[in-house]
$ cat data_24.txt   # compact mmCIF, C-alpha atoms
# COMPACT_ATOMS: atom_id res chain seq x y z
CA MET A 407 11.60 -71.88 267.64
CA ALA A 408 14.20 -74.55 266.95
CA LYS A 409 17.71 -73.38 266.08
CA PHE A 410 18.69 -74.01 262.47
CA PRO A 411 22.25 -74.03 261.10
CA GLU A 412 22.89 -70.92 259.04
CA LEU A 413 22.52 -71.40 255.30
CA VAL A 414 22.15 -68.77 252.56
CA PHE A 415 20.03 -69.35 249.46
CA SER A 416 19.71 -66.96 246.56
CA GLY A 417 18.29 -67.26 243.09
CA VAL A 418 18.79 -65.16 239.96
CA GLN A 419 16.54 -65.34 236.93
CA PRO A 420 18.24 -66.05 233.60
CA THR A 421 16.46 -63.28 231.70
CA GLY A 422 19.27 -61.69 229.72
CA ASN A 423 22.65 -60.05 230.19
CA LEU A 424 23.33 -59.14 233.79
CA HIS A 425 24.10 -55.53 234.55
CA LEU A 426 25.70 -53.28 237.15
CA GLY A 427 22.55 -53.36 239.28
CA ASN A 428 22.71 -57.16 239.46
CA TYR A 429 26.38 -56.97 240.37
CA LEU A 430 26.07 -54.37 243.14
CA GLY A 431 22.70 -55.55 244.44
CA ALA A 432 23.45 -59.27 244.39
CA LEU A 433 26.62 -60.77 242.89
CA LYS A 434 29.11 -58.62 244.80
CA ARG A 435 27.36 -59.57 248.03
CA PHE A 436 27.27 -63.23 247.05
CA VAL A 437 31.05 -63.19 246.82
CA GLU A 438 31.35 -61.55 250.24
CA MET A 439 28.86 -63.94 251.88
CA GLN A 440 30.65 -67.08 250.74
CA LYS A 441 33.47 -66.14 253.12
CA THR A 442 31.21 -66.48 256.18
CA HIS A 443 28.24 -68.70 255.23
CA PRO A 444 27.56 -71.92 253.35
CA CYS A 445 25.72 -70.72 250.24
CA LEU A 446 23.50 -72.09 247.49
CA TYR A 447 23.37 -69.95 244.36
CA CYS A 448 20.60 -70.99 242.02
CA VAL A 449 19.84 -69.97 238.45
CA VAL A 450 16.05 -70.07 238.68
CA ASP A 451 15.20 -71.17 235.16
CA LEU A 452 11.70 -72.36 236.12
CA HIS A 453 10.84 -68.81 237.12
CA ALA A 454 11.92 -67.59 233.68
CA MET A 455 9.04 -69.62 232.18
CA THR A 456 6.32 -67.53 233.83
CA MET A 457 6.46 -65.12 230.88
CA PRO A 458 6.62 -66.11 227.19
CA HIS A 459 10.14 -67.34 226.44
CA ASP A 460 12.28 -68.78 223.68
CA PRO A 461 13.82 -72.17 224.64
CA ALA A 462 17.13 -71.53 222.88
CA THR A 463 17.43 -68.15 224.60
CA LEU A 464 16.68 -69.69 227.99
CA ARG A 465 19.50 -72.22 227.55
CA ARG A 466 21.89 -69.44 226.54
CA THR A 467 20.96 -67.07 229.36
CA THR A 468 21.08 -69.85 231.97
CA ARG A 469 24.70 -70.47 231.01
CA ALA A 470 25.38 -66.72 230.82
CA VAL A 471 24.15 -66.10 234.38
CA THR A 472 26.23 -69.04 235.60
CA ALA A 473 29.26 -67.59 233.83
CA ALA A 474 28.61 -64.25 235.55
CA PHE A 475 28.40 -65.99 238.95
CA LEU A 476 31.82 -67.55 238.40
CA ALA A 477 33.38 -64.47 236.81
CA CYS A 478 32.36 -62.28 239.75
CA GLY A 479 34.21 -64.60 242.13
CA ILE A 480 31.75 -67.21 243.35
CA ASP A 481 33.71 -70.38 244.09
CA ALA A 482 31.75 -73.36 242.79
CA ASN A 483 33.94 -75.73 244.79
CA LYS A 484 33.08 -74.09 248.12
CA ASN A 485 29.46 -73.26 247.27
CA THR A 486 26.63 -74.91 245.40
CA VAL A 487 25.94 -73.36 241.98
CA PHE A 488 23.15 -75.01 240.01
CA ASN A 489 20.07 -74.45 237.87
CA GLN A 490 16.74 -74.94 239.55
CA SER A 491 15.11 -77.29 237.02
CA ARG A 492 17.80 -79.94 237.59
CA VAL A 493 16.50 -80.49 241.13
CA ALA A 494 12.95 -81.81 240.78
CA GLU A 495 12.21 -81.29 244.46
CA HIS A 496 11.77 -77.55 243.83
CA ALA A 497 8.59 -78.18 241.85
CA GLU A 498 7.52 -81.02 244.16
CA LEU A 499 7.71 -78.88 247.29
CA ALA A 500 6.00 -76.00 245.48
CA TRP A 501 2.86 -78.14 245.11
CA ALA A 502 2.91 -79.10 248.77
CA LEU A 503 3.24 -75.43 249.72
CA ASP A 504 0.49 -74.46 247.26
CA CYS A 505 -1.78 -76.44 249.52
CA VAL A 506 -0.57 -74.42 252.53
CA ALA A 507 -0.45 -70.90 251.06
CA ARG A 508 -3.65 -68.87 251.04
CA LEU A 509 -5.22 -67.22 248.01
CA GLY A 510 -5.49 -63.92 249.86
CA TRP A 511 -1.73 -63.86 250.39
CA LEU A 512 -1.06 -64.15 246.66
CA ASN A 513 -3.70 -61.53 245.85
CA ARG A 514 -1.62 -59.02 247.77
CA MET A 515 1.56 -59.58 245.73
CA THR A 516 2.30 -56.30 243.98
CA GLN A 517 4.79 -57.70 241.45
CA PHE A 518 2.10 -59.83 239.79
CA LYS A 519 -0.05 -56.74 239.34
CA GLU A 520 2.88 -54.87 237.80
CA LYS A 521 4.00 -57.65 235.46
CA ALA A 522 0.52 -58.79 234.41
CA GLY A 523 -0.59 -55.24 233.64
CA LYS A 524 -4.19 -54.52 232.77
CA ASP A 525 -4.84 -57.87 231.05
CA ARG A 526 -4.51 -60.05 234.15
CA GLU A 527 -6.95 -62.67 232.85
CA ASN A 528 -4.41 -63.48 230.13
CA ALA A 529 -1.43 -63.86 232.51
CA SER A 530 -0.08 -67.36 233.17
CA VAL A 531 -0.94 -69.20 236.35
CA GLY A 532 2.81 -69.50 236.87
CA LEU A 533 3.22 -65.71 236.97
CA TYR A 534 0.50 -65.48 239.61
CA ASN A 535 1.82 -68.39 241.62
CA TYR A 536 5.57 -67.96 241.35
CA PRO A 537 5.95 -66.53 244.88
CA VAL A 538 5.04 -70.01 246.18
CA LEU A 539 7.72 -71.57 243.97
CA MET A 540 10.13 -68.96 245.36
CA ALA A 541 9.14 -70.03 248.87
CA ALA A 542 9.80 -73.64 247.89
CA ASP A 543 13.22 -72.71 246.49
CA ILE A 544 14.22 -71.30 249.87
CA LEU A 545 12.51 -73.71 252.21
CA LEU A 546 13.61 -76.82 250.32
CA TYR A 547 17.08 -76.26 251.77
CA ARG A 548 15.75 -74.92 255.09
CA ALA A 549 17.74 -71.78 254.36
CA THR A 550 17.99 -69.26 257.18
CA HIS A 551 19.05 -66.18 255.19
CA VAL A 552 18.18 -64.81 251.75
CA PRO A 553 19.87 -61.81 250.11
CA VAL A 554 17.02 -59.87 248.52
CA GLY A 555 16.46 -56.48 246.94
CA ASP A 556 13.80 -54.13 248.22
CA ASP A 557 11.41 -55.33 245.50
CA GLN A 558 11.59 -58.94 246.74
CA LYS A 559 10.99 -58.29 250.44
CA GLN A 560 7.26 -58.95 250.04
CA HIS A 561 7.95 -62.39 248.58
CA LEU A 562 10.26 -63.27 251.45
CA GLU A 563 7.54 -62.23 253.88
CA LEU A 564 5.20 -64.64 252.10
CA THR A 565 7.86 -67.35 252.43
CA ARG A 566 7.92 -66.76 256.18
CA ASP A 567 4.10 -66.90 256.32
CA VAL A 568 4.07 -70.20 254.42
CA ALA A 569 6.79 -71.67 256.66
CA GLN A 570 4.97 -70.58 259.82
CA LYS A 571 1.65 -72.00 258.66
CA PHE A 572 3.25 -75.32 257.70
CA ASN A 573 4.92 -75.51 261.11
CA ASN A 574 1.63 -74.71 262.85
CA ASP A 575 -0.63 -76.95 260.73
CA PHE A 576 1.58 -80.01 261.12
CA ALA A 577 3.09 -79.31 264.53
CA ALA A 578 2.10 -82.70 265.96
CA GLN A 579 3.64 -84.65 263.08
CA ILE A 580 6.77 -82.47 263.11
CA ALA A 581 7.31 -83.16 266.80
CA GLU A 582 6.47 -86.85 266.47
CA LEU A 583 9.11 -87.27 263.76
CA GLY A 584 11.75 -85.66 265.97
CA PHE A 585 12.03 -82.23 264.33
CA GLY A 586 11.17 -80.27 267.47
CA ASP A 587 8.74 -77.38 267.34
CA ALA A 588 9.38 -76.38 263.71
CA PHE A 589 10.50 -78.05 260.49
CA PHE A 590 11.08 -74.90 258.44
CA PRO A 591 13.04 -71.87 259.65
CA LEU A 592 11.62 -68.39 259.11
CA PRO A 593 14.29 -67.05 256.72
CA GLU A 594 15.68 -63.59 257.32
CA PRO A 595 16.44 -61.05 254.58
CA LEU A 596 19.97 -59.85 253.95
CA ILE A 597 19.78 -56.25 252.69
CA GLN A 598 22.88 -54.17 253.08
CA GLY A 599 25.18 -51.62 251.50
CA PRO A 600 24.81 -48.23 249.77
CA ALA A 601 23.48 -49.52 246.42
CA THR A 602 21.05 -52.34 247.20
CA ARG A 603 18.77 -50.99 244.48
CA VAL A 604 20.58 -49.46 241.52
CA MET A 605 18.38 -47.19 239.43
CA SER A 606 18.27 -46.49 235.70
CA LEU A 607 20.91 -44.10 234.38
CA ARG A 608 18.15 -42.36 232.39
CA ASP A 609 15.50 -42.15 235.11
CA GLY A 610 16.37 -42.18 238.80
CA SER A 611 12.83 -43.20 239.73
CA LYS A 612 13.05 -46.56 237.92
CA LYS A 613 15.14 -49.59 238.78
CA MET A 614 17.97 -50.50 236.40
CA SER A 615 16.41 -53.23 234.28
CA LYS A 616 17.29 -55.50 231.38
CA SER A 617 13.82 -54.82 229.93
CA ASP A 618 14.40 -51.06 229.56
CA PRO A 619 14.28 -50.14 225.85
CA SER A 620 17.20 -47.69 226.15
CA GLU A 621 20.67 -49.25 226.12
CA TYR A 622 21.88 -46.12 227.93
CA SER A 623 19.76 -46.95 230.98
CA LEU A 624 22.09 -49.70 232.20
CA ILE A 625 25.68 -50.86 232.22
CA ALA A 626 25.97 -54.51 231.19
CA LEU A 627 28.69 -56.62 232.78
CA THR A 628 29.96 -57.28 229.25
CA ASP A 629 30.26 -53.58 228.31
CA ASP A 630 33.78 -52.41 227.47
CA ALA A 631 35.40 -49.25 228.85
CA ASP A 632 34.25 -47.08 225.94
CA ALA A 633 30.63 -48.14 226.32
CA ILE A 634 30.75 -47.60 230.09
CA SER A 635 32.23 -44.14 229.67
CA ALA A 636 29.61 -43.14 227.09
CA LYS A 637 26.72 -44.35 229.21
CA ILE A 638 27.89 -42.63 232.38
CA ARG A 639 28.68 -39.43 230.49
CA LYS A 640 25.10 -39.41 229.14
CA ALA A 641 23.56 -40.39 232.50
CA LYS A 642 20.79 -38.02 233.54
CA THR A 643 21.69 -35.48 236.21
CA ASP A 644 20.35 -32.11 237.38
CA PRO A 645 21.85 -28.63 236.97
CA GLY A 646 23.18 -28.33 240.52
CA ALA A 647 26.64 -29.29 241.73
CA LEU A 648 27.14 -32.36 243.87
CA PRO A 649 26.28 -31.62 247.50
CA SER A 650 28.87 -31.97 250.25
CA GLU A 651 26.47 -33.71 252.64
CA VAL A 652 24.26 -36.79 252.19
CA GLU A 653 21.21 -34.72 253.15
CA GLY A 654 21.76 -32.69 249.98
CA LEU A 655 20.87 -35.75 247.85
CA ALA A 656 17.23 -35.62 248.99
CA GLY A 657 14.92 -34.98 246.05
CA ARG A 658 17.76 -35.60 243.59
CA PRO A 659 17.29 -39.27 242.59
CA GLU A 660 19.79 -39.31 239.72
CA ALA A 661 22.56 -37.74 241.78
CA ASP A 662 21.77 -40.07 244.67
CA ASN A 663 21.93 -43.07 242.33
CA LEU A 664 25.33 -42.16 240.86
CA VAL A 665 26.81 -41.44 244.28
CA GLY A 666 25.43 -44.75 245.56
CA ILE A 667 27.00 -46.62 242.64
CA TYR A 668 30.39 -45.05 243.30
CA ALA A 669 30.13 -45.81 247.02
CA ALA A 670 29.24 -49.45 246.40
CA LEU A 671 32.04 -49.96 243.86
CA ALA A 672 34.61 -48.31 246.13
CA ASP A 673 33.33 -49.97 249.33
CA GLU A 674 32.75 -46.54 250.82
CA THR A 675 29.77 -44.66 252.22
CA LYS A 676 27.93 -41.94 250.32
CA ALA A 677 29.31 -39.48 252.86
CA ASP A 678 32.86 -40.56 251.94
CA VAL A 679 32.15 -39.96 248.26
CA LEU A 680 30.63 -36.53 248.83
CA ARG A 681 33.54 -35.44 251.00
CA ARG A 682 35.77 -36.06 247.99
CA PHE A 683 33.57 -34.80 245.14
CA GLY A 684 31.03 -32.52 246.84
CA GLY A 685 30.80 -29.02 245.42
CA GLY A 686 32.39 -30.05 242.14
CA PRO A 687 30.76 -30.39 238.71
CA PHE A 688 29.05 -33.58 237.64
CA SER A 689 31.43 -33.88 234.67
CA GLN A 690 34.40 -34.40 236.97
CA PHE A 691 32.53 -36.90 239.13
CA LYS A 692 31.22 -38.80 236.10
CA SER A 693 34.77 -39.18 234.74
CA ALA A 694 35.91 -40.65 238.05
CA LEU A 695 32.85 -42.92 238.21
CA ALA A 696 33.39 -44.16 234.65
CA GLU A 697 37.03 -44.98 235.38
CA LEU A 698 36.15 -46.81 238.60
CA THR A 699 33.34 -48.76 236.93
CA ALA A 700 35.44 -49.78 233.94
CA THR A 701 38.37 -50.82 236.14
CA THR A 702 36.09 -52.90 238.39
CA LEU A 703 34.21 -54.61 235.57
CA ALA A 704 37.15 -55.23 233.18
CA PRO A 705 38.33 -58.54 234.71
CA ILE A 706 34.73 -59.67 235.19
CA ARG A 707 33.94 -58.93 231.54
CA ALA A 708 37.02 -60.82 230.34
CA GLU A 709 36.14 -63.89 232.41
CA ILE A 710 32.49 -63.85 231.29
CA LEU A 711 33.57 -63.79 227.66
CA ARG A 712 36.00 -66.66 228.27
CA LEU A 713 33.37 -68.78 230.02
CA ASN A 714 30.72 -68.01 227.41
CA ALA A 715 33.08 -69.57 224.88
CA ASP A 716 33.28 -72.77 226.96
CA PRO A 717 29.66 -73.94 227.52
CA ALA A 718 30.78 -77.50 228.28
CA TYR A 719 32.65 -76.29 231.37
CA VAL A 720 29.71 -74.17 232.51
CA ASP A 721 27.40 -77.18 232.10
CA SER A 722 29.76 -79.29 234.20
CA VAL A 723 29.59 -76.72 237.01
CA LEU A 724 25.78 -76.79 236.91
CA ALA A 725 25.70 -80.60 236.89
CA GLU A 726 27.99 -80.88 239.90
CA GLY A 727 26.06 -78.16 241.70
CA ALA A 728 22.78 -79.97 241.13
CA ARG A 729 24.29 -83.15 242.52
CA LYS A 730 25.30 -81.33 245.71
CA ALA A 731 21.93 -79.56 245.94
CA ARG A 732 20.04 -82.85 245.71
CA LEU A 733 22.01 -84.20 248.70
CA ILE A 734 20.18 -81.57 250.77
CA ALA A 735 16.91 -81.35 248.84
CA GLN A 736 15.99 -85.05 248.69
CA PRO A 737 16.10 -85.86 252.42
CA ASN A 738 14.28 -82.61 253.21
CA MET A 739 11.57 -83.44 250.69
CA ASP A 740 11.31 -86.97 252.07
CA ALA A 741 10.79 -85.47 255.53
CA VAL A 742 8.06 -83.18 254.18
CA LYS A 743 6.30 -86.20 252.68
CA ASP A 744 6.49 -88.02 256.00
CA ILE A 745 5.10 -84.97 257.81
CA LEU A 746 2.24 -84.69 255.29
CA GLY A 747 1.38 -88.39 255.51
CA LEU A 748 2.47 -89.28 251.98
CA ILE A 749 3.62 -92.88 251.60
CA ARG A 750 7.01 -93.14 249.88

$ encode --input "data_24.txt" --output "structure tokens"
Amino acid sequence: MAKFPELVFSGVQPTGNLHLGNYLGALKRFVEMQKTHPCLYCVVDLHAMTMPHDPATLRRTTRAVTAAFLACGIDANKNTVFNQSRVAEHAELAWALDCVARLGWLNRMTQFKEKAGKDRENASVGLYNYPVLMAADILLYRATHVPVGDDQKQHLELTRDVAQKFNNDFAAQIAELGFGDAFFPLPEPLIQGPATRVMSLRDGSKKMSKSDPSEYSLIALTDDADAISAKIRKAKTDPGALPSEVEGLAGRPEADNLVGIYAALADETKADVLRRFGGGPFSQFKSALAELTATTLAPIRAEILRLNADPAYVDSVLAEGARKARLIAQPNMDAVKDILGLIR
């Protein structure tokens, strides 16, 4: 297949206050990736409409996620930070790819089944179809790499299937227009680090989530040191001491989760953490974890609060980001139209 210049795309839904899981699983990596790759960081507000939503809340959370991007260290001057709905080509390409994607592919998507629940007939078409919009988000920029959590790997696989089918179905036109043997790359996942999936502090079998009814299940990026300490102190653990070897975490999801969080915050391995704290009581480890978490998040929290008080600046970042995104999106969408035989 043709060689594509490396480009990273990632999107985050504006569905409420971001938490430690978002930071360790995504935002921290975003900051690291911007040092080595050109990156587009998108607040995917169209995806937030697949479930019932309040318009005023959506505006607020879109700005809040953008503020978190910037507060965590994403440089809007070096990267492209924008909200999805400002670039109309996302929705335009999604329709073109709807006509390429197969119904059977979408029927296999497990997240729809989980989110729709038992009353699937009452779910929105958008909730069913949003993996195709996600594919359009990525392929619109011909991105080669996408940082994803374990729960999104299936959607990235669908994106690759859609890209491959488009390349195959329109191979003659793609070659005729000078794009070689493929127009879309097959994007690769970027999954790395000791805490790619941070679990609930109250239940190690469930992912840390903004929708969890217990405030003690997650650490919000806007929590202060006292709140962080209280939540980690109350975090569920088991009666045993911390093991000294990583193998000792097997079958102990809560202990494994807390060790993984510490390792990710300290840029260490789980083995490093257990060498230091193994054999000791959870109370001692939790105190150290609370201090590390509070110290790491304190400057982020302060910057988020500052930016939340300046929505005009946040809006200016999104507007400039959308302008830069359209410089890539529009010619790519024009090329798709030419490949498909659409007169423009």

$ closest_residue --input "data_24.txt" --among "A:Met439, A:Ala462, A:Ala704, A:Leu509" --to "A:Ile480" --atoms "all atoms listed in the file"
A:Met439

$ residues_around --input "data_24.txt" --residues "stretch 515-526 of chain A" --least-positions-apart "5" --cutoff "8 Å" --atoms "all atoms listed in the file" --output "list in words"
Leu533, Tyr534, Gln560 and His561 of chain A

$ atom_distance --input "data_24.txt" --atom1 "atom CA of A:Trp511" --atom2 "atom CA of A:Phe576"
19.7 Å

$ atom_distance --input "data_24.txt" --atom1 "atom CA of A:Ala529" --atom2 "atom CA of A:Asp451"
18.4 Å

$ residues_around --input "data_24.txt" --residues "stretch 708-720 of chain A" --least-positions-apart "5" --cutoff "6 Å" --atoms "all atoms listed in the file" --output "PyMOL selection string"
chain A and resi 473-474+477
